[in-house]
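Visitor: Just passing along the structure, written as structure tokens.
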Amino acid sequence: MQLEVVGLGGAGCRLADAIRAAEPADHPFLTDVFAFDTDEASLQGTVIPESHRAKYGQGTALEESAGLEGDLEQGFESGQNVVDDLLAVRERSGSTAPDAVLVTVGLGGTTGGPTAPALVAALQRAVDAPVYVLATLPADREFDPDVVAADRGPHAGMTATTESDEPPRPAAASHAIRTLEALEGVASAIMLFDNETWLRPGETVADARNRSNRELATRVAAIFAGGDGESTGAVAQNVIDASDIERILGTESAVVSLGYGEQAVETTSSRFGLGLLPTEREVETSEAVSAVETVVRKGIRGKLSLECDPETAERGLLIVGGPPAWLNRQAIAEGRRTLQSTVGGTGVLGGDAPRSNGETVFAAVVLAGVESGRLEELRALAD
Ligand SMILES: Nc1nc2c(ncn2[C@@H]2O[C@H](COP(=O)(O)OP(=O)(O)OP(=O)(O)O)[C@@H](O)[C@H]2O)c(=O)[nH]1
């Protein structure tokens, strides 16, 4: 399918960059990628071409750090005032009609979050396609002085002391929840990534962000690059297209968590000893089945982008990809049945994504309409 990505604010632009970097050369799925931020330096740091970048919100609450503690309503209002300019950048670039738009944003900051609800609403009116949101949730250490103090010892406070430290954002949790509320009924679906779960001990979000963004971009690419045919001739048995994705993500701002599992596989057997070039390796059925089972298990039961109980999902999607010889049909069908029995509902779709040049077998899992304890926790804090 053809996806347009719009990055908003620091996190959103970095995520848009990471998604671009994760686009498989033999399976392009991106139409246009935009980066919109109040911070020129951060825009310059992206690989997104100038025609697709815009600095916005000068002199408004979106630009002032005071907005971190300030009135989020004022931020939403400023967001409303800039969307026409942002849509104009999109139109000027001659953006091609996508099957869906994905707005990427970090919740809890001053720029991206406050702009997101108005921009998503405007895109829904301007584009004849669903507008999904991919948003990060803030980590505890950004708003909880106790977490930072515990890391630094008894005399530490909530002051940035090293280069990788971020300025404290005490209001991040409540801003994130209030922005999510503002996106409800506006975004077609909201995929969440909880920074808290992806930090290693002692790490800040800034320390972890390149790794986190790569993780998330890999999931996005696995889902949206889908299983369209390849020039090399490998054809998916079950192609997941834009309407399948729309059926699973829905149109009613469902909260979505993304799972992923992968396993490296040997695709060639080397016979250098015999003076021959490496040839395609024969794959035993049992090893293909085992690889698919392993990645499906990791995809459903491994670390999710938003921690939740997969059983609470209303709908699910499983895409198993990799070198064609490894995509065992029975194992993929069994994986889909596993997801179906996990999710409980009837809204489960499965597909395959042959990658002739791939060196891993992977499973991407979409859990839509989930309930999450983490969101409850942040809601309680916001109250
Ligand atoms: N996963 C991930 N999360 C990020 C990244 N950068 C920031 N975040 C998270 O997103 C939140 C918002 O940060 P930014 O997007 O930089 O903020 P902004 O909206 O540009 O506004 P400012 O407050 O001016 O920085 C932070 O509180 C972090 O939780 C990133 O590159 N990756």
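In the structure tokens, the first chain shown is A, the next is B, and so on; residue numbers restart at 1 for each chain, and ligands run from 1 in the order shown.
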Which protein, DNA or RNA residues have an atom within 8 Å of ligand 1, counting only C-alpha atoms and all ligand atoms, as a PyMOL selection string?
Guide: chain A and resi 8-15+37-39+62-65+67-68+105-114+136-139+142+169+172+193-195+205-206+208-210+212-213
Visitor: Go ahead and write the selection's residues with N, CA and C atoms as a compact mmCIF listing (two decimals), in the first residue's frame.
Guide:
# COMPACT_ATOMS: atom_id res chain seq x y z
N LEU A 8 5.52 15.40 13.20
CA LEU A 8 5.24 16.66 13.91
C LEU A 8 6.12 16.77 15.14
N GLY A 9 6.84 17.89 15.29
CA GLY A 9 7.67 18.08 16.48
C GLY A 9 8.93 17.22 16.43
N GLY A 10 9.77 17.32 17.47
CA GLY A 10 11.06 16.62 17.49
C GLY A 10 10.91 15.12 17.30
N ALA A 11 10.14 14.48 18.18
CA ALA A 11 9.98 13.03 18.10
C ALA A 11 9.34 12.63 16.78
N GLY A 12 8.30 13.36 16.39
CA GLY A 12 7.57 13.00 15.17
C GLY A 12 8.46 13.04 13.94
N CYS A 13 9.33 14.08 13.85
CA CYS A 13 10.21 14.19 12.69
C CYS A 13 11.27 13.09 12.71
N ARG A 14 11.80 12.78 13.91
CA ARG A 14 12.79 11.69 13.97
C ARG A 14 12.16 10.35 13.60
N LEU A 15 10.92 10.16 14.03
CA LEU A 15 10.24 8.91 13.67
C LEU A 15 9.98 8.84 12.16
N ASP A 37 8.20 21.20 12.24
CA ASP A 37 8.68 21.44 13.61
C ASP A 37 8.87 22.94 13.81
N THR A 38 8.91 23.37 15.07
CA THR A 38 9.21 24.77 15.36
C THR A 38 10.71 25.00 15.43
N ASP A 39 11.46 23.90 15.49
CA ASP A 39 12.89 23.97 15.76
C ASP A 39 13.69 23.71 14.47
N LEU A 62 3.49 27.20 20.79
CA LEU A 62 4.08 25.95 20.30
C LEU A 62 5.59 25.99 20.33
N GLU A 63 6.13 27.22 20.39
CA GLU A 63 7.57 27.37 20.30
C GLU A 63 8.19 27.61 21.67
N GLU A 64 7.39 28.11 22.60
CA GLU A 64 7.97 28.54 23.87
C GLU A 64 8.01 27.40 24.87
N SER A 65 9.19 27.23 25.48
CA SER A 65 9.32 26.13 26.44
C SER A 65 8.37 26.31 27.60
N GLY A 67 5.51 26.66 27.45
CA GLY A 67 4.34 25.83 27.13
C GLY A 67 4.39 24.47 27.79
N LEU A 68 5.59 24.03 28.17
CA LEU A 68 5.71 22.73 28.83
C LEU A 68 4.87 22.69 30.09
N VAL A 105 4.15 11.52 16.14
CA VAL A 105 4.27 12.60 17.12
C VAL A 105 4.67 12.05 18.49
N GLY A 106 5.43 12.85 19.24
CA GLY A 106 5.75 12.48 20.62
C GLY A 106 4.80 13.24 21.54
N LEU A 107 4.04 12.50 22.34
CA LEU A 107 3.10 13.17 23.24
C LEU A 107 3.83 13.62 24.49
N GLY A 108 3.49 14.82 24.96
CA GLY A 108 4.12 15.33 26.18
C GLY A 108 4.96 16.56 25.94
N GLY A 109 5.25 16.90 24.68
CA GLY A 109 6.06 18.08 24.37
C GLY A 109 5.20 19.30 24.08
N THR A 110 5.87 20.36 23.63
CA THR A 110 5.17 21.62 23.39
C THR A 110 4.68 21.78 21.97
N THR A 111 5.36 21.12 21.02
CA THR A 111 5.11 21.41 19.61
C THR A 111 4.20 20.39 18.94
N GLY A 112 4.67 19.14 18.92
CA GLY A 112 3.97 18.11 18.16
C GLY A 112 2.58 17.82 18.71
N GLY A 113 2.52 17.45 19.99
CA GLY A 113 1.24 17.06 20.60
C GLY A 113 0.14 18.10 20.41
N PRO A 114 0.42 19.36 20.77
CA PRO A 114 -0.65 20.37 20.65
C PRO A 114 -1.11 20.61 19.21
N THR A 136 4.21 8.54 20.67
CA THR A 136 4.98 7.99 21.79
C THR A 136 4.39 8.51 23.10
N LEU A 137 4.48 7.70 24.14
CA LEU A 137 4.09 8.14 25.48
C LEU A 137 5.36 8.48 26.26
N PRO A 138 5.29 9.47 27.14
CA PRO A 138 6.51 9.85 27.88
C PRO A 138 6.93 8.78 28.89
N ALA A 139 8.23 8.76 29.18
CA ALA A 139 8.75 7.83 30.19
C ALA A 139 8.60 8.46 31.57
N GLU A 142 10.70 11.39 32.87
CA GLU A 142 10.52 12.74 32.35
C GLU A 142 9.66 13.60 33.28
N ARG A 169 10.02 17.52 32.25
CA ARG A 169 8.71 17.85 31.70
C ARG A 169 7.66 17.38 32.69
N ALA A 172 4.32 16.34 31.44
CA ALA A 172 4.28 15.47 30.25
C ALA A 172 3.14 14.45 30.30
N PHE A 193 3.45 3.91 21.33
CA PHE A 193 4.75 3.37 21.70
C PHE A 193 5.09 3.99 23.05
N ASP A 194 5.26 3.14 24.05
CA ASP A 194 5.52 3.65 25.39
C ASP A 194 7.03 3.70 25.65
N ASN A 195 7.58 4.92 25.66
CA ASN A 195 9.02 5.05 25.87
C ASN A 195 9.48 4.35 27.16
N VAL A 205 15.33 9.09 27.55
CA VAL A 205 14.69 8.91 26.25
C VAL A 205 15.66 9.30 25.14
N ALA A 206 16.45 10.36 25.39
CA ALA A 206 17.42 10.80 24.37
C ALA A 206 18.47 9.72 24.11
N ALA A 208 18.03 6.58 24.35
CA ALA A 208 17.43 5.38 23.75
C ALA A 208 16.77 5.66 22.41
N ARG A 209 16.67 6.95 22.04
CA ARG A 209 15.72 7.25 20.97
C ARG A 209 16.07 6.64 19.60
N ASN A 210 17.37 6.57 19.27
CA ASN A 210 17.68 5.99 17.95
C ASN A 210 17.26 4.53 17.88
N SER A 212 14.99 3.05 19.85
CA SER A 212 13.52 2.96 19.93
C SER A 212 12.89 3.28 18.58
N ASN A 213 13.40 4.33 17.94
CA ASN A 213 12.80 4.73 16.67
C ASN A 213 13.00 3.67 15.59
Visitor: Quick one: contact table of region 110-195 of chain A to region 233-246 of chain A, 12 Å max, nearest atom pair and distance in Å to one decimal per residue, counting only C-alpha atoms, chain and number order, as a tab-separated table?
Guide:
residue	atom	partner	partner_atom	distance
A:Ala129	CA	A:Glu246	CA	9.5
A:Pro130	CA	A:Glu246	CA	7.5
A:Val131	CA	A:Glu246	CA	10.0
A:Tyr132	CA	A:Glu246	CA	9.6
A:Ser188	CA	A:Glu246	CA	8.7
A:Ala189	CA	A:Glu246	CA	9.1
Visitor: Taking C-alpha atoms for each residue, export the selection above as an mmCIF file, in the first residue's frame.
Guide:
data_model
loop_
_atom_site.group_PDB
_atom_site.id
_atom_site.type_symbol
_atom_site.label_atom_id
_atom_site.label_comp_id
_atom_site.auth_asym_id
_atom_site.auth_seq_id
_atom_site.Cartn_x
_atom_site.Cartn_y
_atom_site.Cartn_z
ATOM 1 C CA ALA A 129 -8.035 8.114 3.073
ATOM 2 C CA PRO A 130 -7.776 7.159 6.744
ATOM 3 C CA VAL A 131 -5.474 9.264 8.913
ATOM 4 C CA TYR A 132 -3.679 7.181 11.539
ATOM 5 C CA SER A 188 -8.823 6.825 12.504
ATOM 6 C CA ALA A 189 -6.622 4.813 14.902
#
Visitor: Report as a list in words all protein, DNA and RNA residues lying within 8 Å of Leu258 (chain A), evaluated on only C-alpha atoms, omitting residues in the same chain fewer than 2 positions from it.
Guide: Met191, Leu192, Arg219, Val256, Tyr260, Leu304, Ser305, Leu306, Ala364, Val365, Val366 and Leu367 of chain A
Visitor: When you count only C-alpha atoms, which of these residues is closest to Ala382 (chain A): A:Gly335, A:Pro310, A:Gly358, A:Pro170?
Guide: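 When distances to Ala382 (chain A) are compared using only C-alpha atoms, the smallest one comes from A:Pro170.
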Visitor: So which residues of region 30-108 of chain A fall under helix (DSSP H, G or I) by DSSP, listed as an MDAnalysis selection string?
Guide: chainID A and resid 40:44 50:52 65:68 72:92
Visitor: Could you please take those selected residues and save C-alpha atoms as a CSV table (one decimal), in the first residue's frame?
Guide:
chain,number,residue,atom,x,y,z
A,40,GLU,CA,15.1,24.7,12.7
A,41,ALA,CA,18.0,22.7,14.0
A,42,SER,CA,15.9,19.6,14.5
A,43,LEU,CA,14.5,20.0,11.0
A,44,GLN,CA,18.0,20.3,9.6
A,50,GLU,CA,13.6,20.8,2.0
A,51,SER,CA,10.4,20.7,-0.2
A,52,HIS,CA,8.9,18.5,2.5
A,65,SER,CA,9.3,26.1,26.4
A,66,ALA,CA,7.0,27.8,28.9
A,67,GLY,CA,4.3,25.8,27.1
A,68,LEU,CA,5.7,22.7,28.8
A,72,LEU,CA,-2.2,23.2,26.8
A,73,GLU,CA,-5.4,24.7,25.6
A,74,GLN,CA,-3.3,27.6,24.3
A,75,GLY,CA,-1.1,25.1,22.5
A,76,PHE,CA,-4.2,23.5,20.9
A,77,GLU,CA,-5.4,26.9,19.8
A,78,SER,CA,-2.0,27.8,18.2
A,79,GLY,CA,-2.1,24.3,16.6
A,80,GLN,CA,-5.4,25.2,15.1
A,81,ASN,CA,-4.0,28.4,13.7
A,82,VAL,CA,-1.1,26.7,11.8
A,83,VAL,CA,-2.7,23.8,10.1
A,84,ASP,CA,-3.7,25.7,6.9
A,85,ASP,CA,0.0,26.6,6.5
A,86,LEU,CA,1.1,23.0,7.0
A,87,LEU,CA,-1.5,21.7,4.5
A,88,ALA,CA,-0.3,24.3,2.0
A,89,VAL,CA,3.2,22.9,2.3
A,90,ARG,CA,1.8,19.4,1.6
A,91,GLU,CA,-0.2,20.7,-1.4
A,92,ARG,CA,2.8,22.7,-2.8
Visitor: Which residue, A:Ala126, A:Leu318, A:Leu102, A:Leu199, has the smallest gap to Arg141 (chain A) when you use only C-alpha atoms?
Guide: A:Leu199
